[in-house]
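Text of the file start-v4.cif, holding mmCIF, C-alpha atoms:
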```cif
data_start
loop_
_atom_site.label_atom_id
_atom_site.label_comp_id
_atom_site.auth_asym_id
_atom_site.auth_seq_id
_atom_site.Cartn_x
_atom_site.Cartn_y
_atom_site.Cartn_z
CA LYS O 670 5.14 5.57 24.21
CA LEU O 671 4.82 1.84 24.91
CA ALA O 672 8.38 0.61 25.29
CA ASP O 673 7.54 -3.03 25.97
CA VAL O 674 5.35 -3.61 22.90
CA HIS O 675 6.66 -6.12 20.38
CA PHE O 676 5.27 -7.02 16.97
CA ALA O 677 5.44 -10.22 14.96
CA PRO O 678 4.50 -9.03 11.45
CA LEU O 679 2.60 -11.21 9.02
CA ILE O 680 2.14 -10.18 5.39
CA ALA O 681 -1.30 -11.08 4.05
CA ASN O 682 -3.68 -10.09 1.27
CA HIS O 683 -6.74 -8.08 2.27
CA ASP O 684 -9.15 -11.00 2.40
CA THR O 685 -6.81 -12.99 4.63
CA ALA O 686 -6.08 -10.02 6.91
CA ALA O 687 -9.81 -9.28 7.23
CA ARG O 688 -10.59 -12.91 8.06
CA LEU O 689 -7.77 -13.12 10.64
CA LEU O 690 -8.90 -9.87 12.24
CA ALA O 691 -12.56 -10.93 12.32
CA ARG O 692 -11.61 -14.22 14.01
CA SER O 693 -9.28 -12.38 16.43
CA GLU O 694 -6.39 -14.51 15.20
CA ILE O 695 -4.37 -11.29 14.96
CA ASP O 696 -4.60 -8.25 17.21
CA LEU O 697 -3.86 -5.45 14.75
CA ALA O 698 -3.85 -5.03 10.99
CA ILE O 699 -2.22 -2.28 8.95
CA VAL O 700 -4.31 -2.01 5.80
CA THR O 701 -4.23 0.10 2.64
CA ARG O 702 -7.50 1.73 1.59
CA HIS O 703 -8.52 3.54 -1.61
CA PRO O 704 -11.93 5.20 -2.14
CA ASP O 705 -12.48 3.51 -5.53
CA VAL O 706 -11.38 0.00 -4.53
CA PRO O 707 -13.72 -1.98 -2.26
CA GLN O 708 -12.47 -3.37 1.03
CA ASP O 709 -13.22 -6.90 2.15
CA ASP O 710 -16.62 -6.90 3.88
CA ASN O 711 -15.06 -8.17 7.11
CA PHE O 712 -13.35 -4.79 7.59
CA SER O 713 -16.69 -2.95 7.66
CA VAL O 714 -17.45 -4.00 11.24
CA PHE O 715 -14.25 -2.50 12.65
CA ARG O 716 -13.34 1.07 13.37
CA HIS O 717 -10.09 2.22 11.86
CA VAL O 718 -7.53 4.90 12.51
CA ASP O 719 -5.79 6.43 9.52
CA ILE O 720 -2.08 6.39 10.33
CA GLY O 721 -0.54 7.39 7.01
CA ALA O 722 -0.89 7.96 3.31
CA ASP O 723 1.04 7.09 0.19
CA ARG O 724 0.46 7.03 -3.53
CA LEU O 725 1.25 4.76 -6.40
CA ILE O 726 3.57 6.28 -8.96
CA VAL O 727 4.99 5.15 -12.28
CA ILE O 728 8.76 5.16 -12.21
CA GLU O 729 11.36 4.71 -14.91
CA ARG O 730 15.06 5.24 -15.52
CA PRO O 731 16.13 8.82 -16.27
CA GLY O 732 16.30 9.58 -19.98
CA THR O 733 13.55 7.13 -20.94
CA SER O 734 11.61 8.32 -23.97
CA VAL O 735 8.02 9.26 -23.13
CA ASP O 736 6.68 7.26 -26.10
CA GLU O 737 8.98 4.24 -25.80
CA LYS O 738 7.09 0.98 -25.23
CA GLN O 739 8.58 -0.90 -22.29
CA PRO O 740 7.59 -3.69 -19.95
CA LEU O 741 5.45 -2.37 -17.10
CA HIS O 742 6.09 -4.06 -13.74
CA VAL O 743 2.98 -4.02 -11.55
CA SER O 744 1.68 -5.63 -8.36
CA HIS O 745 -0.37 -8.77 -8.86
CA PRO O 746 -4.15 -8.10 -9.03
CA LEU O 747 -4.69 -10.33 -5.99
CA THR O 748 -2.87 -7.70 -3.90
CA TYR O 749 -4.71 -4.55 -2.86
CA ILE O 750 -2.01 -2.35 -4.43
CA GLY O 751 -2.52 -4.31 -7.65
CA GLN O 752 -6.27 -3.73 -7.41
CA ILE O 753 -5.72 0.03 -7.03
CA TRP O 754 -3.67 0.00 -10.24
CA GLN O 755 -6.22 -2.14 -12.11
CA THR O 756 -9.05 0.20 -11.05
CA CYS O 757 -7.31 3.55 -11.56
CA ARG O 758 -4.80 2.77 -14.30
CA TYR O 759 -4.09 5.08 -17.17
CA ASP O 760 -2.62 4.56 -20.62
CA LEU O 761 1.13 4.16 -20.96
CA PRO O 762 3.29 2.89 -23.81
CA VAL O 763 3.62 -0.72 -22.65
CA SER O 764 5.09 -3.72 -24.46
CA THR O 765 4.00 -6.22 -21.80
CA GLU O 766 2.73 -6.16 -18.23
CA VAL O 767 4.75 -8.17 -15.70
CA LEU O 768 3.05 -9.17 -12.42
CA HIS O 769 4.92 -9.22 -9.11
CA GLY O 770 4.03 -10.17 -5.55
CA MET O 771 6.40 -7.69 -3.89
CA ALA O 772 6.96 -4.01 -4.65
CA ALA O 773 10.67 -4.44 -3.88
CA ASP O 774 10.92 -6.69 -6.94
CA ILE O 775 9.34 -3.99 -9.11
CA ARG O 776 11.87 -1.46 -7.79
CA ALA O 777 14.78 -3.81 -8.56
CA HIS O 778 13.63 -4.36 -12.17
CA CYS O 779 13.29 -0.61 -12.73
CA LEU O 780 16.71 0.15 -11.23
CA ALA O 781 18.20 -2.50 -13.53
CA GLY O 782 16.64 -0.73 -16.53
CA ARG O 783 14.16 -3.51 -17.32
CA GLY O 784 11.14 -1.24 -17.80
CA ARG O 785 8.75 1.00 -15.92
CA GLY O 786 7.07 0.17 -12.63
CA VAL O 787 4.00 1.05 -10.61
CA ILE O 788 5.10 1.31 -7.00
CA PRO O 789 4.37 3.12 -3.70
CA GLU O 790 6.19 6.43 -3.73
CA SER O 791 7.60 5.90 -0.23
CA LEU O 792 9.58 2.88 -1.46
CA VAL O 793 11.54 4.87 -4.06
CA GLU O 794 11.85 8.34 -2.52
CA ALA O 795 15.61 7.92 -2.03
CA ASP O 796 16.04 6.60 -5.60
CA VAL O 797 14.15 9.59 -7.01
CA ALA O 798 16.11 12.04 -4.83
CA ALA O 799 19.38 10.47 -6.06
CA ALA O 800 18.13 10.61 -9.69
CA ARG O 801 18.41 6.82 -10.11
CA LEU O 802 14.69 6.80 -11.02
CA VAL O 803 12.23 9.45 -12.18
CA ILE O 804 8.50 9.76 -11.65
CA ARG O 805 6.28 9.78 -14.70
CA GLU O 806 3.69 12.34 -13.60
CA ASN O 807 -0.02 11.77 -14.23
CA SER O 808 -3.41 12.92 -12.98
CA ALA O 809 -4.76 9.51 -11.96
CA ARG O 810 -6.18 9.10 -8.45
CA LEU O 811 -3.54 6.76 -7.11
CA ASP O 812 -3.34 8.12 -3.54
CA TYR O 813 -4.29 5.71 -0.77
CA THR O 814 -4.65 5.72 2.99
CA ILE O 815 -2.90 3.44 5.45
CA SER O 816 -5.19 2.47 8.33
CA LEU O 817 -4.83 0.57 11.58
CA PHE O 818 -7.56 -1.89 12.57
CA CYS O 819 -7.90 -3.65 15.94
CA SER O 820 -9.64 -6.98 16.52
CA PRO O 821 -12.49 -7.14 19.04
CA ARG O 822 -10.63 -9.60 21.28
CA ALA O 823 -7.20 -8.02 20.90
CA SER O 824 -4.74 -8.09 23.76
CA ARG O 825 -4.74 -5.19 26.18
CA ARG O 826 -1.42 -3.94 24.75
CA ALA O 827 -2.73 -4.05 21.17
CA LYS O 828 -5.76 -2.03 22.22
CA GLN O 829 -3.40 0.49 23.82
CA VAL O 830 -1.48 0.80 20.53
CA TRP O 831 -4.75 1.41 18.64
CA THR O 832 -5.91 3.97 21.25
CA LEU O 833 -2.59 5.83 21.11
CA ALA O 834 -2.88 6.04 17.33
CA ALA O 835 -6.46 7.33 17.63
CA ASP O 836 -5.43 9.86 20.29
CA GLN O 837 -2.51 11.07 18.13
CA LEU O 838 -4.89 11.57 15.20
CA SER O 839 -7.29 13.56 17.43
CA GLN O 840 -4.44 15.77 18.63
CA GLU O 841 -3.27 16.43 15.09
CA ARG O 842 -6.79 17.45 14.02
CA ALA O 843 -7.20 19.81 17.00
#
```

Can the structure from this file be put into structure tokens for me?
Amino acid sequence: KLADVHFAPLIANHDTAARLLARSEIDLAIVTRHPDVPQDDNFSVFRHVDIGADRLIVIERPGTSVDEKQPLHVSHPLTYIGQIWQTCRYDLPVSTEVLHGMAADIRAHCLAGRGRGVIPESLVEADVAAARLVIRENSARLDYTISLFCSPRASRRAKQVWTLAADQLSQERA
């Protein structure tokens, strides 16, 4: 709806994103949120619009024995995704836990047959559909929301993006 809007993405941990947003050093922030994992306090002063949802899943190669101990590739606990796993984790047969900064690295290790991984479902949907990976089902609360935050001194165009997202959400609820 806004053809002349351009983004320059910056990947940051929650505390950094919250600080940048609070200082109006960035206009918008796309942030993951989970009900059991606290947000940085700086986010509490901003309204948010929920723009999506995802869930963490445990993936493995097809044919993996349910009881076989394997390395478990997870996001580093300094990342919010890593904090969701640390808070909501469940028991798995694990030989060692391997920390990663990027979910794409976890996916690559799992595709190469180097263990299981905890990863956002949206990142491996095609791999699961093609039977390159399988989901190890569980009952843990690993669903999370993806929200859009806008800084108080954001550019006019950034505020328009936030308002369009809020309006779209209102229309969907109606």

### Message
Can you tell me which residues surround Glu841 of chain O at a distance of at most 12 Å, considering all atoms listed in the file, apart from same-chain residues fewer than 6 positions away, and format the answer as number ranges by chain?
### Response
O: 719-720, 834-835

### Task
Given the file shown, enumerate the residues that the PyMOL selection byres ((chain O and resi 796) around 12) captures and present them as a list in words.
Ile728, Glu729, Arg730, Pro731, Arg776, Ala777, Cys779, Leu780, Glu790, Ser791, Leu792, Val793, Glu794, Ala795, Val797, Ala798, Ala799, Ala800, Arg801, Leu802, Val803 and Ile804 of chain O

### Task
List the residues sitting within 12 Å of (13.0, -5.6, -10.3) in the file's frame, using all atoms listed in the file, as a count of residues only.
29

### Task
Tell me which of O:Ala827, O:Ile815, O:Ile753, O:Ala686 sits closest to His717 of chain O, counting all atoms listed in the file.
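That would be O:Ile815, the residue with the smallest distance to His717 of chain O.
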
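Take atom CA of Leu747 of chain O and atom CA of Asn682 of chain O: the distance between them is 7.3 Å.
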
### Query
Distance atom CA of Tyr759 of chain O-atom CA of Gln739 of chain O, one decimal place?
14.9 Å

#### Entry: Atomic separation - atom CA of Val718 of chain O relative to atom CA of Leu671 of chain O, Å
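According to the coordinates, atom CA of Leu671 of chain O and atom CA of Val718 of chain O are separated by 17.8 Å.
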
### Message
From the options O:Pro789, O:Leu697, O:Arg805, O:Leu689, which residue's atoms come nearest to His675 of chain O, counting only C-alpha atoms?
### Response
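For His675 of chain O, the nearest of the candidates is O:Leu697.
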
Enclose the full set of atoms of segment 824-833 of chain O listed in the file within a box whose edges lie along x, y and z, apply 4 Å of padding to each of the six sides, and report centre and edge lengths in Å to one decimal as lines of an AutoDock Vina configuration file.
```
center_x = -3.7
center_y = -1.1
center_z = 22.4
size_x = 12.5
size_y = 21.9
size_z = 15.5
```

### Task
Evaluate the PyMOL selection byres ((chain O and resi 690) around 10) and record the selected residues as a list in words, following the chain and residue labels used in the document.
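Here the PyMOL selection byres ((chain O and resi 690) around 10) matches Asp684, Thr685, Ala686, Ala687, Arg688, Leu689, Ala691, Arg692, Ser693, Glu694, Ile695, Asp696, Leu697, Ala698, Asn711, Phe712, Phe715, Phe818, Cys819, Ser820, Pro821, Arg822 and Ala823 of chain O.
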
Output for the residues just chosen: C-alpha atoms as a PDB file, in the coordinates of the input:
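Output (result04.pdb):
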```
ATOM      1  CA  ASP O 684      -9.150 -11.000   2.400  1.00  0.00           C
ATOM      2  CA  THR O 685      -6.810 -12.990   4.630  1.00  0.00           C
ATOM      3  CA  ALA O 686      -6.080 -10.020   6.910  1.00  0.00           C
ATOM      4  CA  ALA O 687      -9.810  -9.280   7.230  1.00  0.00           C
ATOM      5  CA  ARG O 688     -10.590 -12.910   8.060  1.00  0.00           C
ATOM      6  CA  LEU O 689      -7.770 -13.120  10.640  1.00  0.00           C
ATOM      7  CA  ALA O 691     -12.560 -10.930  12.320  1.00  0.00           C
ATOM      8  CA  ARG O 692     -11.610 -14.220  14.010  1.00  0.00           C
ATOM      9  CA  SER O 693      -9.280 -12.380  16.430  1.00  0.00           C
ATOM     10  CA  GLU O 694      -6.390 -14.510  15.200  1.00  0.00           C
ATOM     11  CA  ILE O 695      -4.370 -11.290  14.960  1.00  0.00           C
ATOM     12  CA  ASP O 696      -4.600  -8.250  17.210  1.00  0.00           C
ATOM     13  CA  LEU O 697      -3.860  -5.450  14.750  1.00  0.00           C
ATOM     14  CA  ALA O 698      -3.850  -5.030  10.990  1.00  0.00           C
ATOM     15  CA  ASN O 711     -15.060  -8.170   7.110  1.00  0.00           C
ATOM     16  CA  PHE O 712     -13.350  -4.790   7.590  1.00  0.00           C
ATOM     17  CA  PHE O 715     -14.250  -2.500  12.650  1.00  0.00           C
ATOM     18  CA  PHE O 818      -7.560  -1.890  12.570  1.00  0.00           C
ATOM     19  CA  CYS O 819      -7.900  -3.650  15.940  1.00  0.00           C
ATOM     20  CA  SER O 820      -9.640  -6.980  16.520  1.00  0.00           C
ATOM     21  CA  PRO O 821     -12.490  -7.140  19.040  1.00  0.00           C
ATOM     22  CA  ARG O 822     -10.630  -9.600  21.280  1.00  0.00           C
ATOM     23  CA  ALA O 823      -7.200  -8.020  20.900  1.00  0.00           C
TER      24      ALA O 823
END
```

#### Entry: Minimum-distance residue to His683 of chain O, chosen among O:Glu737, O:Asp705, O:Gly721, O:Thr748 (using only C-alpha atoms)
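The answer is O:Thr748, which sits nearest to His683 of chain O.
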
### Query
Nearest to Trp831 of chain O among O:Leu817, O:Ala681, O:Leu761, O:Ile726, with distances taken over only C-alpha atoms: which residue is it?
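Between O:Leu817, O:Ala681, O:Leu761, O:Ile726, the residue approaching Trp831 of chain O most closely is O:Leu817.
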
### Message
Please enumerate the residues selected by the PyMOL selection byres ((chain O and resi 703) around 12) when evaluated against the supplied file, formatted as a ChimeraX atom specification.
### Response
/O:700-702,704-708,719,722-725,749-754,756-757,810-816

Missing atoms of segment 760-771 of chain O rebuilt to all heavy atoms, written as an mmCIF file, keeping the file's coordinate frame:
```
data_model
loop_
_atom_site.group_PDB
_atom_site.id
_atom_site.type_symbol
_atom_site.label_atom_id
_atom_site.label_comp_id
_atom_site.auth_asym_id
_atom_site.auth_seq_id
_atom_site.Cartn_x
_atom_site.Cartn_y
_atom_site.Cartn_z
ATOM 1 N N ASP O 760 -3.358 5.056 -19.469
ATOM 2 C CA ASP O 760 -2.620 4.560 -20.620
ATOM 3 C C ASP O 760 -1.147 4.947 -20.563
ATOM 4 O O ASP O 760 -0.805 6.094 -20.265
ATOM 5 C CB ASP O 760 -3.217 5.090 -21.925
ATOM 6 C CG ASP O 760 -4.557 4.454 -22.236
ATOM 7 O OD1 ASP O 760 -4.763 3.292 -21.837
ATOM 8 O OD2 ASP O 760 -5.394 5.114 -22.875
ATOM 9 N N LEU O 761 -0.315 3.982 -20.846
ATOM 10 C CA LEU O 761 1.130 4.160 -20.960
ATOM 11 C C LEU O 761 1.603 3.360 -22.161
ATOM 12 O O LEU O 761 0.965 2.368 -22.529
ATOM 13 C CB LEU O 761 1.831 3.577 -19.713
ATOM 14 C CG LEU O 761 1.691 4.314 -18.400
ATOM 15 C CD1 LEU O 761 2.167 3.427 -17.254
ATOM 16 C CD2 LEU O 761 2.515 5.585 -18.431
ATOM 17 N N PRO O 762 2.719 3.734 -22.751
ATOM 18 C CA PRO O 762 3.290 2.890 -23.810
ATOM 19 C C PRO O 762 3.910 1.643 -23.170
ATOM 20 O O PRO O 762 4.949 1.722 -22.523
ATOM 21 C CB PRO O 762 4.336 3.781 -24.470
ATOM 22 C CG PRO O 762 4.632 4.854 -23.474
ATOM 23 C CD PRO O 762 3.442 4.986 -22.580
ATOM 24 N N VAL O 763 3.221 0.517 -23.318
ATOM 25 C CA VAL O 763 3.620 -0.720 -22.650
ATOM 26 C C VAL O 763 3.789 -1.828 -23.676
ATOM 27 O O VAL O 763 2.920 -2.028 -24.526
ATOM 28 C CB VAL O 763 2.553 -1.134 -21.608
ATOM 29 C CG1 VAL O 763 2.872 -2.486 -20.997
ATOM 30 C CG2 VAL O 763 2.401 -0.069 -20.530
ATOM 31 N N SER O 764 4.893 -2.567 -23.570
ATOM 32 C CA SER O 764 5.090 -3.720 -24.460
ATOM 33 C C SER O 764 4.474 -4.973 -23.830
ATOM 34 O O SER O 764 3.901 -5.796 -24.528
ATOM 35 C CB SER O 764 6.572 -3.936 -24.728
ATOM 36 O OG SER O 764 7.274 -4.156 -23.515
ATOM 37 N N THR O 765 4.584 -5.103 -22.533
ATOM 38 C CA THR O 765 4.000 -6.220 -21.800
ATOM 39 C C THR O 765 3.846 -5.810 -20.344
ATOM 40 O O THR O 765 4.553 -4.924 -19.872
ATOM 41 C CB THR O 765 4.871 -7.491 -21.924
ATOM 42 O OG1 THR O 765 4.194 -8.577 -21.321
ATOM 43 C CG2 THR O 765 6.223 -7.310 -21.281
ATOM 44 N N GLU O 766 2.918 -6.430 -19.641
ATOM 45 C CA GLU O 766 2.730 -6.160 -18.230
ATOM 46 C C GLU O 766 3.238 -7.356 -17.439
ATOM 47 O O GLU O 766 2.839 -8.490 -17.710
ATOM 48 C CB GLU O 766 1.256 -5.892 -17.932
ATOM 49 C CG GLU O 766 1.043 -5.104 -16.679
ATOM 50 C CD GLU O 766 -0.345 -4.489 -16.590
ATOM 51 O OE1 GLU O 766 -0.569 -3.449 -17.245
ATOM 52 O OE2 GLU O 766 -1.176 -5.074 -15.872
ATOM 53 N N VAL O 767 4.123 -7.107 -16.483
ATOM 54 C CA VAL O 767 4.750 -8.170 -15.700
ATOM 55 C C VAL O 767 4.229 -8.066 -14.266
ATOM 56 O O VAL O 767 4.355 -7.014 -13.637
ATOM 57 C CB VAL O 767 6.289 -8.039 -15.716
ATOM 58 C CG1 VAL O 767 6.937 -9.198 -14.974
ATOM 59 C CG2 VAL O 767 6.808 -7.929 -17.146
ATOM 60 N N LEU O 768 3.645 -9.155 -13.760
ATOM 61 C CA LEU O 768 3.050 -9.170 -12.420
ATOM 62 C C LEU O 768 4.069 -9.590 -11.377
ATOM 63 O O LEU O 768 4.859 -10.511 -11.600
ATOM 64 C CB LEU O 768 1.865 -10.127 -12.397
ATOM 65 C CG LEU O 768 0.754 -9.867 -13.400
ATOM 66 C CD1 LEU O 768 -0.337 -10.923 -13.265
ATOM 67 C CD2 LEU O 768 0.173 -8.466 -13.232
ATOM 68 N N HIS O 769 4.010 -8.920 -10.226
ATOM 69 C CA HIS O 769 4.920 -9.220 -9.110
ATOM 70 C C HIS O 769 4.130 -9.294 -7.813
ATOM 71 O O HIS O 769 3.112 -8.630 -7.648
ATOM 72 C CB HIS O 769 5.985 -8.123 -8.961
ATOM 73 C CG HIS O 769 6.904 -8.017 -10.126
ATOM 74 N ND1 HIS O 769 8.021 -8.814 -10.268
ATOM 75 C CD2 HIS O 769 6.872 -7.216 -11.224
ATOM 76 C CE1 HIS O 769 8.638 -8.495 -11.394
ATOM 77 N NE2 HIS O 769 7.963 -7.525 -11.994
ATOM 78 N N GLY O 770 4.645 -10.068 -6.870
ATOM 79 C CA GLY O 770 4.030 -10.170 -5.550
ATOM 80 C C GLY O 770 4.566 -9.137 -4.574
ATOM 81 O O GLY O 770 3.905 -8.796 -3.602
ATOM 82 N N MET O 771 5.773 -8.622 -4.823
ATOM 83 C CA MET O 771 6.400 -7.690 -3.890
ATOM 84 C C MET O 771 6.853 -6.432 -4.631
ATOM 85 O O MET O 771 7.482 -6.516 -5.695
ATOM 86 C CB MET O 771 7.615 -8.335 -3.217
ATOM 87 C CG MET O 771 7.296 -9.593 -2.418
ATOM 88 S SD MET O 771 6.251 -9.280 -0.983
ATOM 89 C CE MET O 771 7.353 -8.386 0.077
#
```
